[in-house]
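Working notes, structure below.
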Amino acid sequence: MMPPKQIASIAAMLVVVWLVPLAARGDSAAKTIPSEQLEFFEKHVRPLLAKRCFGCHGGTQAEGGLSLATSNGWQQGGDSGPAIVPGRPEKSLLIDAITYRSLEMPPADEGGQMPADEIAVLSRWVAMGAPDPRSGDGAIGGMTVEEARGWWSFQPLPAGPELESRDIDALLEREWLARHLAPTPPADRRTLIRRATYDVTGLPPTAEETRNFLADNSPDAYARLVDRLLESPQYGVRWGRHWLDVVRYADTAGENTDRPLPHAWRYRNWVFEAFRRDMPFDQFAGLQLAGDLLTKDQPTPRHAEGIVATGYLAIARRFGHDIDADIHLMHEDAIDNLGKSFLGLTVACARCHDHKYDPINAADYYALYGILESARFAFPGCEPKGQPRDLVPLIPQAEVDAVMRQWRERHDRDKQMLLERAEATKRVFSPEARQATQVVQSGAVAEGATVDLAPARLAVRKGEVVLLAVEPNASHGADTTLVELWIRETAGPQRKWSTSDIIDTLTDSNPREINEATWSFIELTKDGPVFLLDKADSLGGNGALKKWSLGDIPSVLVNSADQQVMVWTTLPAESFFVHPGPNRPVAIAWTSPLDGEIAIEGRVADVHPTALDGVTYRLEHIASPATGLALVEAGRLLAQSVPAPEPPPAFPVAYAVVDREVAKNAHIHERGDPEKIGDEVPRRWLAVFGGNEVTTSSESGRRELAAWITGHPLFARVIVNRIWGWHFGRGIVASANDFGARGERPTHPELLDRLAAAFASHGFSVKSLHRLVMLTDAYQRASATPVAEDPDNRWLAHFSRRRLDADELRDSLLAVSGRIDLSSAEAHPFPSEETWKFTQHSPFTAVYETNHRSPFQMVQRQRRHPFLSLFDGADPNASTPGRQTTTVPTQALYFMNDSFFHEQAAALATRLTGLANDELRTTDVFHSLFQRDSTAAEHDRVRRVLTAYKGDTEDCWAAVCRVLLASNEFLTVE
Amino acid sequence: MGSTFGPRRAFLRSATAGSLLFPGIIESLWADSGDPLAPQHPHFPVRAKNIIFLFMTGGVSHVDTFDPKPELTRRHGQQIEANHPEIKGRPGYERIYLKRPQWDFQPHGRCGTEVSSLFPHVAGCVDDIAVIRSMHTSHSNHYNATLGMHTGSFTFARPSIGSWVTYGLGTLNRNLPGFVVIAPQQTYAGTQVYASDFLPGAHQGTLVVPGKEPVANVAPRVPAERQRIELEALRQFNEEHLAARPADPLLTARLQTFETAFGMQMAVPDAFDFAGETAATLAAYGLERAQTTGFGWQCLAARRLIERGVRFVELIDTGSSTNWDAHGDMLTHEPLAKNVDRPIAALLWDLKQRGMLDETLVVWTTEFGRTPFNNTADAKGREHHPWAFSSWLAGGGVKPGIVHGATDEIGLRAVDKPVHVRDFHATILHLMGFDHERLTYRHAGLDFRLTGVEPAHVVKDLLS
């Protein structure tokens, strides 16, 4: 039984007639019409005109110039003059036409003459004086108010009787009978189990499942098969994937570098789980739009689920180089998708101007825009902005804060201890060392300038130090300085050292031995040197930038990328930098491994011009062998005593959205240009559906939006049509994403309405709908080749034969090879965020092999997954209401030469060779692949292949398996 | 793999003759009209045997490329009125102003056809080209106009022009697809622009993505003898399966794809291996040796495919983003023109020096033009313009060195001898030997044709 509250809300939905706001209606005439006449018009005449006449005589471009959509329309009339003479039915062309006197309306091909009771209604109305409140002055978007009000898909759902499978058959029969189409007989049971199993789970039935079903002679065997399939966890994966098609799910962001979304999988798996649990579809939709808000006061696991569900919004495609600069395009993508997915409306067409065909204004678009903009979307990172941020923790913030506080305390304590130890190295520069120190050269580098060191030659002993120190001048703080130092042995082996040797591996160690010399990265205090202890292998999410520091601010850093990186300043490609602060000169010290002469060259450049006074550099020679050795030794000891830093605690996070602190209305972007700001629009529902405003001012309005959407009759119509289409290969409305003026009309309008009403009144249970549909005769009919009279099989006199889709094909190969992993996969093996160096020139690209089911494959936006693209997989950039089927030679090449295909065939062959002989193997493989017995001729053919092939048993059987796996029979569902 | 089939030269000949897979069977099949790709005679004899269709994605501005409008320069900034689809009811477009072309035009060649400085190399080929300056189309959206230019239908999915041509002519090389689309990225309307739709699946365009392995899985994994055994067994299984499901178009089409795929294993690597091309040829196309991307690569690959009997090669220059759609700034036309100018000129030169230009119809087009006006006097970009644009034809049966039709003095409307996309299609089909009204296919009880139900006319002036 349904809870009473739910019944009440559904009842409200069924009877409520949505209201067009008066401002847009322009129906001033309504005020002067007596109320009983107005009621007669609204109750009887308006629906009749919409049903019988608007097909040709609605709107502004009506047949014969006659529009019956407004009173102006029939007063002016068409080519034959005014259609109605108020009060005089006998003189009115309209009545003349519908009574089939001189004209015959509606014509035979539009349904033929109206029933007598309907003719009587219109005659009575004309006799009454044709009271008509529809002056037709108003328009919303591309429709007149009248058209919008009468638009078929916006109408309330009928409150009719319960719908059963046989009622569906009756409605279908009416249509194919009318078209003289002959239905096919019921499908045989092998066909049926194959069809139902693929349909519900996306997998082939096993030989055992087929055997059991064939052996079950009870009358409800098929019904129980359907129940069993719907209970399978694989059902959730299959039907969840259908939904992921609609919401254009992908595992990358789609901006210029196509960054991975390492946490998006939580949303993906939540969708699969929601279908498996048969979550009521209104709740399913609501959580995706506002799960964070709807579960706010619920226990942590429920709230976490609500947050994960909003991944639906977060996976909106990102655009451009700097995502924030093109954020309006992300919102367009989100609005486009939510309009199509939940309402079958192309709302995003109203971004730049009012919708050309549907009753949606630009203001409607920006009303929704304000709602979305008041939420903070998780940020995937992008080339100029580095790492992801605003990911949403899945445990309460207080818990996160507590753990982080403890970690930070430990971290700070360790840090303090280290700094104390680092102090010890200061003593390395003893008084003798200071005495032995000579400044080889020094100078000032003006702001933004580059200075080449004067080439120098020095006699050095092993252990002596050459040191390049840089410090800012008097007036300011830290400065980013590019340094290059080349040291060359002038005799003997002529070894060379250079700062450029250290760029790629800067953070390996400090001190750093290369070619027997040792580099030390230090800060120079008044008392002596301090080793830099803190390293980072990426800065701001850019793995090309590495640093050494004491604390957070880098003292030594490199850009290891082959192109410049813009951070606080532009860091040239493949360069080494020091970043000294006030009173904190930074030095790189080279300890000599040789006794002899060295030549020194170098360069110092201020790369952060700020109109101040540049830096000073000093090249020193510490001619004390003990000093260098002591420095290196102190550094080594220190490095050994440094415990590996405790990584910050990781929390489960979701790629999701949460409300911002302050909700704000959006302004219209004139012509869609975000720089041309127009009027503010309140956050509200579409005007054509009433335009209710968001009332909870502190929230974004997503909570209300979810309620408006799921409470509208379009919501049930659209999803019911999708489910029907996924079962039969074609929706009752063929354009599953467009129920507006440019969409197709339903082939079976009454069926669609009753399905939608039944769905809504049974708690939006998708599994109940599956049962209703799958138990019809239509679903269980034999398939056939399309007939010329009905090439698209609109009227369902037979079941549509179909090719396996990309996911089913791959999963079938894995299933029959025995390699399939039916467990639920989680995160993809993306490279860790710290290593990301993606740019528009080298975007993220990867294909990860896995034996998990295909819906778990990593899907990229900018580069189609090769398999999914070859076999018409879903478009990861735009909603895919239904998969296409193309047939091209490159697919045949896959069945001939692809390594994955060959591997599955080989694995199947290995299993078969475990059986005693070729006859048993043949029987087995036909059962596994086709759910049927093999014929004698087929046994012959297999034998002939085995003989001709001349190889070992496994090779021969691999060949047979390839043939059968490539066959049309394997690839087709009847 | 070469050894099984003899030296390459012999291979090329036999490939042209028919399938390598089951010579006997296929020879008979080949003659049989049942094979949708068997070579067929057109309605009347013509010179052109193949087409290279160059599609510039996003809407190339005619007034900045092939349609000189000095008057537009003179009247720059002048306010005009136009009941234009892109400005109708569009806020901010209540007033529009003429915008001058940003590149200079010069006469070129003996014929003196004027071309802007955006296309210096193509300008050098004008004596072989017939420029149409009076093109117009039915839609100002990319999606619809692109679909229209490819299928004749501006709304619904219909067979591509490439599919119609292979439907009419079959192909000359059973080991390559009859219709190949070389595209670095998908254009607007995605795969629909090269889909066969209701025509048999064999007429579907095969996508080649420039790169090291342009067509995946062409390298055989088992020795040829064994592969023959497998494919023969597969054919038998599939034919038996089909016999119980007669005339199912999908099943039939799939059967045929294995035939094509078998031959592709040899023919594809050969077609895309440029090792035998001379340094001079590579240089002309602007290619480095071993380079496998770029429009130059696409153009040279097109010549090699045509040479091998592929009937229809379409080259798409860019995808549905970062293309000629210069709303923001006309200067974005410059790198796009640079990308294609030299390779296209090289293609024309190369076809000509090999004596192939007579037999190859080269089509250059875009989906629509760009407005000669914008909503401010100093706007940098131009909007979509379906009323007028420029396309050109060269080679196979085209009258060379001419300019056909004209726009008004500001390039707003095609006024002299306007050529609608339907007329353009009718003319292309005529050049390929077809009466566009007779090249039809029955589907859903109706006879469909590329040019649709509205009247379309062959532009006789363009024929040599």
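Simple scheme: letters A, B, ... for chains in structure tokens order, numbers from 1 for residues in each chain, numbers from 1 for ligands in the order shown.
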message: Which of range 190-439 of chain B end up as alpha helix (DSSP H) when DSSP is run on this backbone - answer as a ChimeraX atom specification?
response: /B:224-243,249-271,279-284,295-307,333-353,421-431
- request: Could you please tell me, as a PyMOL selection string, which residues of chain A have an atom within 7 Å of chain B when using only C-alpha atoms?
  value: chain A and resi 353+670-671+785+788-791+887-890+892-894+897-898+945+949+959+963+967-969
Given the selection you just returned, output its residues as a file containing C-alpha atoms, formatted as a CSV table (one decimal), in the first residue's frame.
chain,number,residue,atom,x,y,z
A,353,HIS,CA,17.0,34.6,-27.1
A,670,GLU,CA,21.9,39.7,-23.5
A,671,ARG,CA,22.2,37.5,-26.6
A,785,THR,CA,12.2,-8.0,-40.8
A,788,ALA,CA,7.4,-1.7,-46.2
A,789,GLU,CA,4.1,-0.5,-44.7
A,790,ASP,CA,5.8,0.2,-41.3
A,791,PRO,CA,9.5,0.3,-41.9
A,887,THR,CA,27.2,-1.1,-39.8
A,888,VAL,CA,30.6,-0.4,-41.3
A,889,PRO,CA,33.6,-2.5,-42.4
A,890,THR,CA,35.8,-1.2,-39.5
A,892,ALA,CA,34.2,-6.3,-39.2
A,893,LEU,CA,37.9,-5.6,-38.8
A,894,TYR,CA,37.3,-5.6,-35.1
A,897,ASN,CA,41.8,-8.6,-35.8
A,898,ASP,CA,41.2,-7.0,-32.5
A,945,VAL,CA,36.7,-25.9,-40.1
A,949,TYR,CA,42.5,-25.4,-39.9
A,959,ALA,CA,39.1,-20.2,-34.8
A,963,VAL,CA,33.6,-17.5,-36.3
A,967,SER,CA,28.3,-14.2,-36.4
A,968,ASN,CA,25.1,-12.3,-36.9
A,969,GLU,CA,23.3,-14.7,-34.6
query: Looking at only C-alpha atoms, which of A:Leu775, A:Glu464, A:Thr525, A:Glu255 is the one that sits closest to Ala221 in chain A?
result: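 Among the listed residues, the smallest separation from Ala221 in chain A belongs to A:Leu775.
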message: Residues near range 266-278 of chain A, anyone? I mean within 9 Å using only C-alpha atoms, not counting same-chain ones fewer than 2 positions away, as a PyMOL selection string.
response: chain A and resi 230-241+243-244+249+263-264+280-281+284+305+308-312+654-656+765-768+824-827+855-856
message: According to DSSP computed on the backbone, where in range 287-329 of chain B is there strand (DSSP E)? Give the residues as a list in words.
response: Phe312, Val313, Glu314, Leu315 and Ile316 of chain B
Residues just named, written with C-alpha atoms as a PDB file, in the first residue's frame:
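Result file result_21.pdb:
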ATOM      1  CA  PHE B 312      34.002   9.519 -52.738  1.00  0.00           C
ATOM      2  CA  VAL B 313      36.484  11.037 -50.320  1.00  0.00           C
ATOM      3  CA  GLU B 314      35.359  13.771 -47.974  1.00  0.00           C
ATOM      4  CA  LEU B 315      37.906  15.847 -46.085  1.00  0.00           C
ATOM      5  CA  ILE B 316      36.664  17.763 -43.054  1.00  0.00           C
TER       6      ILE B 316
END
- prompt: Which residue gives the smallest distance to Leu463 in chain B among B:Ala130, B:Pro269, B:Thr113, B:Trp349, with only C-alpha atoms counted?
  reply: B:Ala130
